[in-house]
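Dropping target.tsv in here (TSV, C-alpha atoms):
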```
chain	number	residue	atom	x	y	z
A	123	MET	CA	-38.70	-24.27	4.84
A	124	THR	CA	-40.45	-21.58	6.85
A	125	SER	CA	-38.44	-22.40	9.99
A	126	GLN	CA	-35.04	-21.88	8.42
A	127	THR	CA	-32.87	-19.13	9.86
A	128	VAL	CA	-32.68	-16.16	7.50
A	129	ARG	CA	-29.10	-15.50	6.44
A	130	PRO	CA	-27.78	-11.93	6.27
A	131	ASP	CA	-27.58	-12.15	2.47
A	132	ARG	CA	-31.29	-12.99	2.21
A	133	LEU	CA	-34.26	-10.65	1.97
A	134	ALA	CA	-36.32	-10.18	5.13
A	135	ALA	CA	-38.98	-12.82	5.78
A	136	ASP	CA	-41.76	-10.20	5.64
A	137	THR	CA	-40.73	-8.90	2.21
A	138	ALA	CA	-43.77	-8.15	0.04
A	139	MET	CA	-44.47	-7.05	-3.49
A	140	GLY	CA	-45.65	-3.51	-4.14
A	141	PRO	CA	-47.53	-2.13	-7.14
A	142	VAL	CA	-46.53	-2.84	-10.72
A	143	THR	CA	-46.10	0.20	-12.98
A	144	LEU	CA	-47.27	-0.17	-16.57
A	145	ASP	CA	-46.42	2.20	-19.40
A	146	VAL	CA	-49.65	2.47	-21.40
A	147	ALA	CA	-50.75	4.06	-24.67
A	148	ASP	CA	-54.46	4.48	-23.87
A	149	LEU	CA	-54.70	5.74	-20.31
A	150	ALA	CA	-58.48	6.19	-20.28
A	151	GLY	CA	-59.10	2.76	-21.77
A	152	MET	CA	-56.73	1.02	-19.39
A	153	MET	CA	-58.22	2.85	-16.39
A	154	ALA	CA	-61.67	1.68	-17.42
A	155	PHE	CA	-60.51	-1.92	-17.82
A	156	TYR	CA	-58.78	-2.15	-14.44
A	157	ARG	CA	-61.67	-0.35	-12.73
A	158	ASP	CA	-64.69	-1.96	-14.35
A	159	ALA	CA	-63.39	-5.44	-15.19
A	160	VAL	CA	-60.61	-6.15	-12.68
A	161	THR	CA	-62.57	-4.28	-9.95
A	162	LEU	CA	-59.75	-2.00	-8.80
A	163	GLN	CA	-60.41	1.52	-7.55
A	164	VAL	CA	-58.68	4.75	-8.58
A	165	LEU	CA	-56.59	5.67	-5.52
A	166	SER	CA	-54.88	8.71	-7.02
A	167	GLU	CA	-54.67	10.53	-10.33
A	168	GLU	CA	-51.80	12.89	-10.95
A	169	GLY	CA	-51.70	14.02	-14.56
A	170	PRO	CA	-50.38	11.14	-16.67
A	171	VAL	CA	-50.03	8.75	-13.71
A	172	VAL	CA	-52.99	6.87	-12.21
A	173	THR	CA	-52.63	4.58	-9.18
A	174	MET	CA	-55.25	1.84	-8.82
A	175	GLY	CA	-55.83	-0.69	-6.06
A	176	ARG	CA	-58.23	-1.93	-3.40
A	177	GLY	CA	-58.79	-0.22	-0.06
A	178	THR	CA	-55.61	1.78	0.50
A	179	THR	CA	-53.31	-0.76	-1.21
A	180	PRO	CA	-51.94	0.21	-4.63
A	181	VAL	CA	-51.83	-2.66	-7.10
A	182	VAL	CA	-51.24	-1.16	-10.55
A	183	VAL	CA	-49.78	2.21	-11.54
A	184	LEU	CA	-50.74	3.27	-15.07
A	185	ARG	CA	-48.27	5.73	-16.62
A	186	HIS	CA	-49.39	7.38	-19.85
A	187	SER	CA	-46.52	6.86	-22.32
A	188	PRO	CA	-47.97	7.37	-25.81
A	189	GLN	CA	-44.52	8.03	-27.25
A	190	LEU	CA	-43.61	4.35	-26.76
A	191	GLY	CA	-44.42	1.52	-29.12
A	192	HIS	CA	-45.13	-2.13	-28.42
A	193	ALA	CA	-42.20	-4.42	-27.62
A	194	ALA	CA	-40.99	-6.76	-30.34
A	195	PRO	CA	-42.11	-10.41	-30.11
A	196	GLY	CA	-39.77	-12.48	-27.98
A	197	SER	CA	-38.68	-9.56	-25.82
A	198	ALA	CA	-38.07	-9.76	-22.10
A	199	GLY	CA	-40.54	-8.00	-19.82
A	200	LEU	CA	-43.75	-8.71	-17.93
A	201	PHE	CA	-45.32	-12.18	-18.13
A	202	HIS	CA	-48.05	-11.29	-15.66
A	203	THR	CA	-48.95	-9.28	-12.59
A	204	ALA	CA	-50.57	-11.61	-10.04
A	205	ILE	CA	-53.27	-10.06	-7.86
A	206	LEU	CA	-53.95	-11.99	-4.66
A	207	PHE	CA	-57.46	-12.03	-3.14
A	208	PRO	CA	-58.08	-12.95	0.51
A	209	THR	CA	-60.94	-15.41	-0.08
A	210	GLN	CA	-62.28	-17.62	-2.85
A	211	THR	CA	-65.48	-15.56	-2.77
A	212	ASP	CA	-63.57	-12.34	-3.42
A	213	LEU	CA	-61.68	-14.02	-6.24
A	214	ALA	CA	-64.91	-15.36	-7.71
A	215	ALA	CA	-66.39	-11.84	-7.77
A	216	ALA	CA	-63.41	-10.50	-9.69
A	217	VAL	CA	-63.45	-13.43	-12.14
A	218	ALA	CA	-67.19	-12.94	-12.69
A	219	SER	CA	-66.62	-9.26	-13.37
A	220	MET	CA	-63.94	-10.12	-15.94
A	221	ALA	CA	-66.27	-12.65	-17.58
A	222	GLN	CA	-69.07	-10.11	-17.82
A	223	ARG	CA	-67.11	-7.01	-18.86
A	224	ALA	CA	-64.06	-8.41	-20.70
A	225	PRO	CA	-64.85	-12.01	-21.72
A	226	ARG	CA	-62.27	-12.10	-24.52
A	227	SER	CA	-59.47	-11.29	-22.06
A	228	PHE	CA	-59.58	-14.78	-20.48
A	229	THR	CA	-56.57	-16.97	-21.31
A	230	GLY	CA	-56.84	-19.87	-18.85
A	231	SER	CA	-57.15	-21.18	-15.31
A	232	ALA	CA	-55.35	-23.69	-13.12
A	233	ASP	CA	-55.13	-25.25	-9.68
A	234	HIS	CA	-51.47	-24.94	-8.67
A	235	LEU	CA	-51.83	-26.93	-5.37
A	236	VAL	CA	-50.71	-23.86	-3.40
A	237	SER	CA	-53.29	-21.64	-5.11
A	238	GLN	CA	-56.17	-21.35	-7.55
A	239	ALA	CA	-55.57	-18.98	-10.45
A	240	PHE	CA	-57.30	-17.37	-13.43
A	241	TYR	CA	-55.39	-15.72	-16.26
A	242	PHE	CA	-56.24	-12.76	-18.50
A	243	ASP	CA	-54.65	-10.19	-20.81
A	244	ASP	CA	-55.39	-6.49	-20.49
A	245	PRO	CA	-56.23	-4.42	-23.63
A	246	GLU	CA	-52.54	-3.69	-24.29
A	247	GLY	CA	-51.39	-7.29	-23.89
A	248	ASN	CA	-50.12	-7.23	-20.30
A	249	GLY	CA	-50.74	-10.52	-18.52
A	250	ILE	CA	-52.85	-10.63	-15.35
A	251	GLU	CA	-53.32	-13.44	-12.85
A	252	LEU	CA	-56.15	-13.30	-10.32
A	253	TYR	CA	-55.62	-15.87	-7.57
A	254	TRP	CA	-56.30	-17.14	-4.05
A	255	ASP	CA	-53.81	-18.96	-1.81
A	256	ARG	CA	-54.49	-22.10	0.12
A	257	ASP	CA	-53.33	-21.95	3.74
A	258	ARG	CA	-49.60	-22.52	4.11
A	259	THR	CA	-50.29	-25.61	6.23
A	260	GLN	CA	-51.61	-27.24	3.03
A	261	TRP	CA	-48.46	-26.56	1.00
A	262	SER	CA	-45.99	-29.39	0.55
A	263	TRP	CA	-42.22	-28.87	0.55
A	264	VAL	CA	-39.83	-31.52	-0.78
A	265	HIS	CA	-36.06	-31.02	-0.52
A	266	GLY	CA	-36.50	-27.28	0.00
A	267	GLN	CA	-38.80	-26.77	-2.98
A	268	VAL	CA	-42.54	-26.17	-2.85
A	269	GLU	CA	-44.75	-28.59	-4.77
A	270	MET	CA	-46.72	-26.77	-7.46
A	271	ALA	CA	-48.60	-28.17	-10.44
A	272	THR	CA	-50.91	-27.04	-13.22
A	273	LEU	CA	-54.15	-28.96	-12.74
A	274	TYR	CA	-57.46	-28.37	-14.50
A	275	LEU	CA	-59.69	-25.80	-12.81
A	276	ASP	CA	-63.15	-25.29	-14.32
A	277	PRO	CA	-64.06	-21.58	-14.14
A	278	ASN	CA	-67.80	-22.22	-14.21
A	279	ASP	CA	-67.61	-24.77	-11.39
A	280	PHE	CA	-65.49	-22.36	-9.36
A	281	LEU	CA	-68.01	-19.54	-9.82
A	282	ARG	CA	-70.98	-21.78	-9.00
A	283	GLU	CA	-69.29	-22.88	-5.78
A	284	HIS	CA	-67.94	-19.55	-4.53
A	285	LEU	CA	-69.88	-16.65	-6.03
A	286	THR	CA	-72.48	-15.06	-3.74
A	287	PRO	CA	-75.09	-12.36	-4.39
A	288	GLN	CA	-73.66	-10.28	-1.54
A	289	VAL	CA	-70.16	-10.02	-2.98
A	290	LEU	CA	-71.54	-9.27	-6.45
A	291	GLU	CA	-73.30	-6.24	-5.01
A	292	VAL	CA	-70.07	-4.91	-3.46
A	293	PRO	CA	-67.27	-6.59	-5.45
A	294	ASP	CA	-64.51	-4.22	-4.30
A	295	ALA	CA	-65.15	-4.37	-0.54
A	296	SER	CA	-62.16	-6.57	0.28
A	297	ASP	CA	-58.47	-5.81	0.05
A	298	ALA	CA	-56.23	-7.21	-2.67
A	299	VAL	CA	-52.48	-7.05	-3.15
A	300	VAL	CA	-49.81	-7.91	-5.67
A	301	GLY	CA	-48.96	-11.44	-4.58
A	302	HIS	CA	-46.22	-12.04	-7.11
A	303	VAL	CA	-44.77	-10.77	-10.37
A	304	HIS	CA	-43.82	-13.14	-13.20
A	305	LEU	CA	-41.28	-12.03	-15.81
A	306	SER	CA	-40.22	-13.13	-19.26
A	307	VAL	CA	-36.41	-13.34	-19.35
A	308	GLY	CA	-33.64	-14.51	-21.67
A	309	ASP	CA	-32.36	-17.36	-19.49
A	310	THR	CA	-32.99	-18.73	-16.02
A	311	ARG	CA	-29.31	-19.08	-15.10
A	312	SER	CA	-28.78	-15.33	-15.25
A	313	ALA	CA	-32.11	-14.82	-13.50
A	314	LYS	CA	-31.04	-17.04	-10.60
A	315	GLU	CA	-27.67	-15.31	-10.33
A	316	PHE	CA	-29.37	-11.92	-10.11
A	317	TYR	CA	-32.56	-12.59	-8.10
A	318	VAL	CA	-31.19	-15.24	-5.73
A	319	ASP	CA	-27.43	-14.68	-5.43
A	320	ARG	CA	-27.53	-10.87	-5.55
A	321	LEU	CA	-30.99	-9.61	-4.67
A	322	GLY	CA	-31.44	-12.19	-1.92
A	323	PHE	CA	-34.57	-14.20	-2.68
A	324	ASP	CA	-34.66	-17.96	-2.00
A	325	THR	CA	-35.28	-20.46	-4.77
A	326	THR	CA	-38.60	-22.21	-4.16
A	327	ALA	CA	-39.01	-24.16	-7.42
A	328	GLU	CA	-37.26	-24.73	-10.74
A	329	LEU	CA	-38.61	-26.24	-13.94
A	330	GLY	CA	-35.34	-27.27	-15.56
A	331	HIS	CA	-34.05	-24.33	-17.58
A	332	GLN	CA	-37.61	-23.22	-18.35
A	333	ALA	CA	-38.72	-21.36	-15.25
A	334	LEU	CA	-37.52	-20.21	-11.84
A	335	PHE	CA	-39.63	-19.35	-8.78
A	336	VAL	CA	-38.22	-17.31	-5.87
A	337	SER	CA	-39.51	-15.86	-2.61
A	338	ALA	CA	-38.72	-14.55	0.86
A	339	GLY	CA	-40.02	-15.93	4.14
A	340	GLY	CA	-41.21	-19.28	2.79
A	341	TYR	CA	-43.88	-17.95	0.42
A	342	HIS	CA	-44.44	-20.12	-2.67
A	343	HIS	CA	-43.14	-17.30	-4.88
A	344	HIS	CA	-42.92	-13.53	-4.83
A	345	MET	CA	-41.34	-13.51	-8.28
A	346	ALA	CA	-40.93	-15.92	-11.17
A	347	MET	CA	-38.98	-15.85	-14.42
A	348	ASN	CA	-39.51	-17.98	-17.50
A	349	VAL	CA	-38.16	-18.31	-21.06
A	350	TRP	CA	-41.32	-19.72	-22.65
A	351	ASN	CA	-41.75	-16.75	-25.01
A	352	SER	CA	-38.38	-15.03	-24.62
A	353	ARG	CA	-35.49	-17.51	-24.64
A	354	GLY	CA	-32.28	-15.69	-25.55
A	355	ALA	CA	-33.80	-12.22	-25.14
A	356	GLY	CA	-31.37	-9.39	-24.42
A	357	ARG	CA	-31.88	-6.08	-22.66
A	358	ARG	CA	-35.21	-4.40	-23.27
A	359	PHE	CA	-35.61	-1.31	-25.39
A	360	PRO	CA	-38.02	1.37	-24.11
A	361	ALA	CA	-41.52	0.07	-24.91
A	362	LEU	CA	-45.06	-0.11	-23.64
A	363	GLY	CA	-45.62	-2.64	-20.88
A	364	LEU	CA	-43.63	-3.11	-17.72
A	365	GLY	CA	-42.35	0.17	-16.32
A	366	GLN	CA	-41.31	-0.78	-12.80
A	367	ILE	CA	-41.63	-3.52	-10.17
A	368	ASP	CA	-41.88	-2.43	-6.54
A	369	ILE	CA	-40.58	-4.61	-3.71
A	370	GLU	CA	-41.34	-3.64	-0.10
A	371	LEU	CA	-39.01	-4.31	2.83
A	372	PRO	CA	-39.90	-3.86	6.51
A	373	ASP	CA	-37.50	-1.05	7.47
A	374	THR	CA	-34.66	1.21	6.37
A	375	ASP	CA	-32.04	-1.20	7.73
A	376	ALA	CA	-33.26	-3.90	5.35
A	377	VAL	CA	-33.16	-1.44	2.45
A	378	GLY	CA	-29.66	-0.37	3.46
A	379	GLU	CA	-28.43	-3.96	3.59
A	380	LEU	CA	-29.80	-4.56	0.11
A	381	SER	CA	-28.14	-1.39	-1.19
A	382	GLU	CA	-24.79	-2.55	0.20
A	383	ARG	CA	-25.28	-5.97	-1.38
A	384	MET	CA	-26.03	-4.45	-4.78
A	385	ARG	CA	-22.95	-2.25	-4.48
A	386	HIS	CA	-20.84	-5.28	-3.51
A	387	PHE	CA	-21.93	-7.07	-6.70
A	388	GLY	CA	-21.32	-4.01	-8.86
A	389	VAL	CA	-25.00	-3.44	-9.65
A	390	GLN	CA	-25.58	0.21	-10.49
A	391	ALA	CA	-28.28	1.54	-8.18
A	392	ALA	CA	-29.83	4.86	-7.19
A	393	ASP	CA	-30.10	5.12	-3.39
A	394	ASP	CA	-31.80	8.01	-1.56
A	395	GLY	CA	-31.71	6.40	1.89
A	396	ARG	CA	-35.26	5.03	1.78
A	397	THR	CA	-35.47	3.57	-1.70
A	398	VAL	CA	-33.03	1.71	-3.95
A	399	SER	CA	-33.63	1.45	-7.70
A	400	PHE	CA	-31.78	-0.71	-10.21
A	401	GLU	CA	-32.25	-2.86	-13.31
A	402	ASP	CA	-32.05	-6.63	-13.74
A	403	PRO	CA	-30.01	-8.12	-16.64
A	404	TRP	CA	-32.89	-7.46	-19.07
A	405	ALA	CA	-33.39	-3.80	-18.05
A	406	ASN	CA	-36.52	-4.54	-16.01
A	407	ARG	CA	-36.65	-1.66	-13.52
A	408	ILE	CA	-36.93	-2.57	-9.83
A	409	ARG	CA	-37.56	-0.18	-6.95
A	410	VAL	CA	-37.11	-1.40	-3.37
A	411	ALA	CA	-38.57	0.71	-0.59
A	412	VAL	CA	-39.72	0.57	3.02
A	413	SER	CA	-43.24	-0.82	3.22
A	414	GLY	CA	-45.81	1.97	3.10
A	415	SER	CA	-43.42	4.62	1.82
```
Please re-express this file's structure in C-alpha cells.
Amino acid sequence: MTSQTVRPDRLAADTAMGPVTLDVADLAGMMAFYRDAVTLQVLSEEGPVVTMGRGTTPVVVLRHSPQLGHAAPGSAGLFHTAILFPTQTDLAAAVASMAQRAPRSFTGSADHLVSQAFYFDDPEGNGIELYWDRDRTQWSWVHGQVEMATLYLDPNDFLREHLTPQVLEVPDASDAVVGHVHLSVGDTRSAKEFYVDRLGFDTTAELGHQALFVSAGGYHHHMAMNVWNSRGAGRRFPALGLGQIDIELPDTDAVGELSERMRHFGVQAADDGRTVSFEDPWANRIRVAVSGS
C-alpha cells in the first residue's frame, strides 16, 4: 500500500490534518475543559477565537458563537476529533487527566490493531478520541485495505502499564496533533464520491454502507465518515459544533492541483493562492492550506 505510486489525482503522500474549529456557546468553559482535562495549551487568544494545542501545533480552535443553537438529532457534522499522541505514556497522561478532571466525559475505549484509542465527549457534545499509533510495520493490509478492529481495551490496565510519575508532573511536555477527523454523514456513497473521487484521498477501509475510512500516503485514515447516527442526513444548518476542518498539503503546487480538481468537478471553492476552502455534500466546511501557513 505504502509503495504504490501516487497518481496525479491523489493527495500528496505527506498530507496531514490541521486543527479542527469548533463553534462553541461557552468559550470559557470549553477553554477550561481542553486545557485542564485534555491537557492542551492556549496558543493564541484573539477576541472570540482561541487556538489550543501542544508545543507549537494547533489542535482545536474554539470560536465563540453564542448566537447558534445545538444541531438537531440525526444531523451531519462532527463524530469526533482524534488527537494523536507520540507515545503510550503521553496518551496515558492525557487519559488520566480526563479521568481525574472530567470522569463523566468518558464514552469508551478500544484496540483497533493499528492504534489504541480512548473516547470522550466535551461539555458541548463534541466527540474526542485520544489515541496512539502502533508502528506502521505492525499494520496489516489485505487487498489494499488496512485491517482494523474494535477489540476490548481496559483503561485501568492501560494506565497501570503506561502511566509514570514523571509524565504526570509535566503532562503537556510532548507534542500532539490531529491524527484524523471522523464525520457523521448522510450516506457513504456520496462521501466516497466527494472525499476519494474529487478530493483525492485513498480508500483504506469500508464497513459496508456503514462507514468509510480514507487517507493519503498509506496512513490508516486521515478522515472517516459514518452513518451510525445520521443516515439520510441532508446539508447542515448553522449550529454549534463543527466549524471547519483543516487539511495541510506540503506546498502551493499541491494546493493548486487540488483547486483545479475541485474546479473540474464543479465544486464551488474560494482560492486565494495559498488556501482553498469549500464544503462537502453536508455543508461541512473544509480549508486546505500549505503546511504551517
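Nearest to Ala224 (chain A) of all the residues A:Val181, A:Ile250, A:Val171, A:Val160 is A:Val160, based on only C-alpha atoms.
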Kindly assemble as CSV a list of the region 293-378 of chain A residues that lie within 10 Å of region 268-276 of chain A, each paired with its nearest atom pair and their distance in Å to one decimal, using only C-alpha atoms, sorted first by chain and then by ascending residue number.
```
residue,atom,partner,partner_atom,distance
A:Thr325,CA,A:Val268,CA,9.4
A:Thr326,CA,A:Val268,CA,5.7
A:Ala327,CA,A:Val268,CA,6.1
A:Glu328,CA,A:Val268,CA,9.6
A:Phe335,CA,A:Val268,CA,9.5
A:Gly340,CA,A:Val268,CA,9.0
A:Tyr341,CA,A:Val268,CA,8.9
A:His342,CA,A:Val268,CA,6.3
A:His343,CA,A:Val268,CA,9.1
```
Residues just named, written with C-alpha atoms as an mmCIF file, keeping the file's coordinate frame:
```
data_model
loop_
_atom_site.group_PDB
_atom_site.id
_atom_site.type_symbol
_atom_site.label_atom_id
_atom_site.label_comp_id
_atom_site.auth_asym_id
_atom_site.auth_seq_id
_atom_site.Cartn_x
_atom_site.Cartn_y
_atom_site.Cartn_z
ATOM 1 C CA THR A 325 -35.280 -20.460 -4.770
ATOM 2 C CA THR A 326 -38.600 -22.210 -4.160
ATOM 3 C CA ALA A 327 -39.010 -24.160 -7.420
ATOM 4 C CA GLU A 328 -37.260 -24.730 -10.740
ATOM 5 C CA PHE A 335 -39.630 -19.350 -8.780
ATOM 6 C CA GLY A 340 -41.210 -19.280 2.790
ATOM 7 C CA TYR A 341 -43.880 -17.950 0.420
ATOM 8 C CA HIS A 342 -44.440 -20.120 -2.670
ATOM 9 C CA HIS A 343 -43.140 -17.300 -4.880
#
```
Residues within 12 Å of Ser227 (chain A), only C-alpha atoms, excluding chain neighbours under 5 positions, as a ChimeraX atom specification: /A:155-156,159-160,217,219-222,240-251
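Remark: for Asn348 (chain A), the closest of the candidate residues A:Leu235, A:Val336, A:Ile408, A:Val398 is A:Val336 (distances computed over only C-alpha atoms).
Each of A:Leu200, A:Leu162, A:Ala135, A:Ala333 was compared to Met347 (chain A) using all atoms listed in the file, and A:Ala333 turns out to be the nearest.
With CA of Asn278 (chain A) on one side and CA of Asp233 (chain A) on the other, the separation reads 13.8 Å.
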Here is a test: counting all atoms listed in the file, which residue of A:Met152, A:Ala204, A:Ala215, A:Ala198 is nearest to Arg357 (chain A)? A:Ala198
List the spatial neighbours of Pro195 (chain A) as a PDB file with C-alpha atoms, in the frame of the given file - criterion: any atom at most 10 Å away, only C-alpha atoms, same-chain residues fewer than 4 positions off excluded.
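Okay, around15.pdb is ready:
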```
ATOM      1  CA  ASN A 351     -41.750 -16.750 -25.010  1.00  0.00           C
ATOM      2  CA  SER A 352     -38.380 -15.030 -24.620  1.00  0.00           C
ATOM      3  CA  ALA A 355     -33.800 -12.220 -25.140  1.00  0.00           C
TER       4      ALA A 355
END
```
CA of Ala218 (chain A) to CA of Ala150 (chain A) measures 22.3 Å
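The closest residue to Glu382 (chain A), picked from A:Leu321, A:Gly175, A:Ala411, A:Trp404 and counting only C-alpha atoms, is A:Leu321.
Among A:Arg258, A:Arg132, A:His234, A:Arg226, the residue with the shortest atom-to-atom distance to Val377 (chain A), counting all atoms listed in the file, is A:Arg132.
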Could you name the residues that touch Val183 (chain A) at 9 Å or less, counting all atoms listed in the file, but leaving out those on the same chain fewer than 6 positions away, as a PDB file with C-alpha atoms, in the frame of the given file?
```
ATOM      1  CA  PRO A 141     -47.530  -2.130  -7.140  1.00  0.00           C
ATOM      2  CA  VAL A 142     -46.530  -2.840 -10.720  1.00  0.00           C
ATOM      3  CA  THR A 143     -46.100   0.200 -12.980  1.00  0.00           C
ATOM      4  CA  LEU A 144     -47.270  -0.170 -16.570  1.00  0.00           C
ATOM      5  CA  ASP A 145     -46.420   2.200 -19.400  1.00  0.00           C
ATOM      6  CA  VAL A 171     -50.030   8.750 -13.710  1.00  0.00           C
ATOM      7  CA  VAL A 172     -52.990   6.870 -12.210  1.00  0.00           C
ATOM      8  CA  THR A 173     -52.630   4.580  -9.180  1.00  0.00           C
ATOM      9  CA  MET A 174     -55.250   1.840  -8.820  1.00  0.00           C
ATOM     10  CA  GLY A 175     -55.830  -0.690  -6.060  1.00  0.00           C
TER      11      GLY A 175
END
```
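Excluding Glu370 (chain A) itself and same-chain residues fewer than 5 positions from it, the residues having an atom within 10 Å of it are Ala134, Asp136, Thr137, Ala138, Met139, Gly140, Pro141, Ala376, Val377, Thr397, Arg409, Val410, Ala411, Val412, Ser413, Gly414 and Ser415 of chain A, counting all atoms listed in the file.
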Convert the current residue selection to file output with C-alpha atoms, as a PDB file, in the coordinates of the input.
```
ATOM      1  CA  ALA A 134     -36.320 -10.180   5.130  1.00  0.00           C
ATOM      2  CA  ASP A 136     -41.760 -10.200   5.640  1.00  0.00           C
ATOM      3  CA  THR A 137     -40.730  -8.900   2.210  1.00  0.00           C
ATOM      4  CA  ALA A 138     -43.770  -8.150   0.040  1.00  0.00           C
ATOM      5  CA  MET A 139     -44.470  -7.050  -3.490  1.00  0.00           C
ATOM      6  CA  GLY A 140     -45.650  -3.510  -4.140  1.00  0.00           C
ATOM      7  CA  PRO A 141     -47.530  -2.130  -7.140  1.00  0.00           C
ATOM      8  CA  ALA A 376     -33.260  -3.900   5.350  1.00  0.00           C
ATOM      9  CA  VAL A 377     -33.160  -1.440   2.450  1.00  0.00           C
ATOM     10  CA  THR A 397     -35.470   3.570  -1.700  1.00  0.00           C
ATOM     11  CA  ARG A 409     -37.560  -0.180  -6.950  1.00  0.00           C
ATOM     12  CA  VAL A 410     -37.110  -1.400  -3.370  1.00  0.00           C
ATOM     13  CA  ALA A 411     -38.570   0.710  -0.590  1.00  0.00           C
ATOM     14  CA  VAL A 412     -39.720   0.570   3.020  1.00  0.00           C
ATOM     15  CA  SER A 413     -43.240  -0.820   3.220  1.00  0.00           C
ATOM     16  CA  GLY A 414     -45.810   1.970   3.100  1.00  0.00           C
ATOM     17  CA  SER A 415     -43.420   4.620   1.820  1.00  0.00           C
TER      18      SER A 415
END
```
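Here CA of Pro360 (chain A) stands at a distance of 16.5 Å from CA of Phe201 (chain A).
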Pick out the residues sitting within 8 Å of His331 (chain A), and hand them over as a list of chain:residue names; count only C-alpha atoms, and ignore anything fewer than 6 positions along from it in its own chain. A:Asp309, A:Thr310, A:Arg311
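The list of residues within 6 Å of (-35.3, -17.2, 3.3), counted using all atoms listed in the file, is Val128, Arg132, Asp324, Ala338 and Gly339 of chain A.
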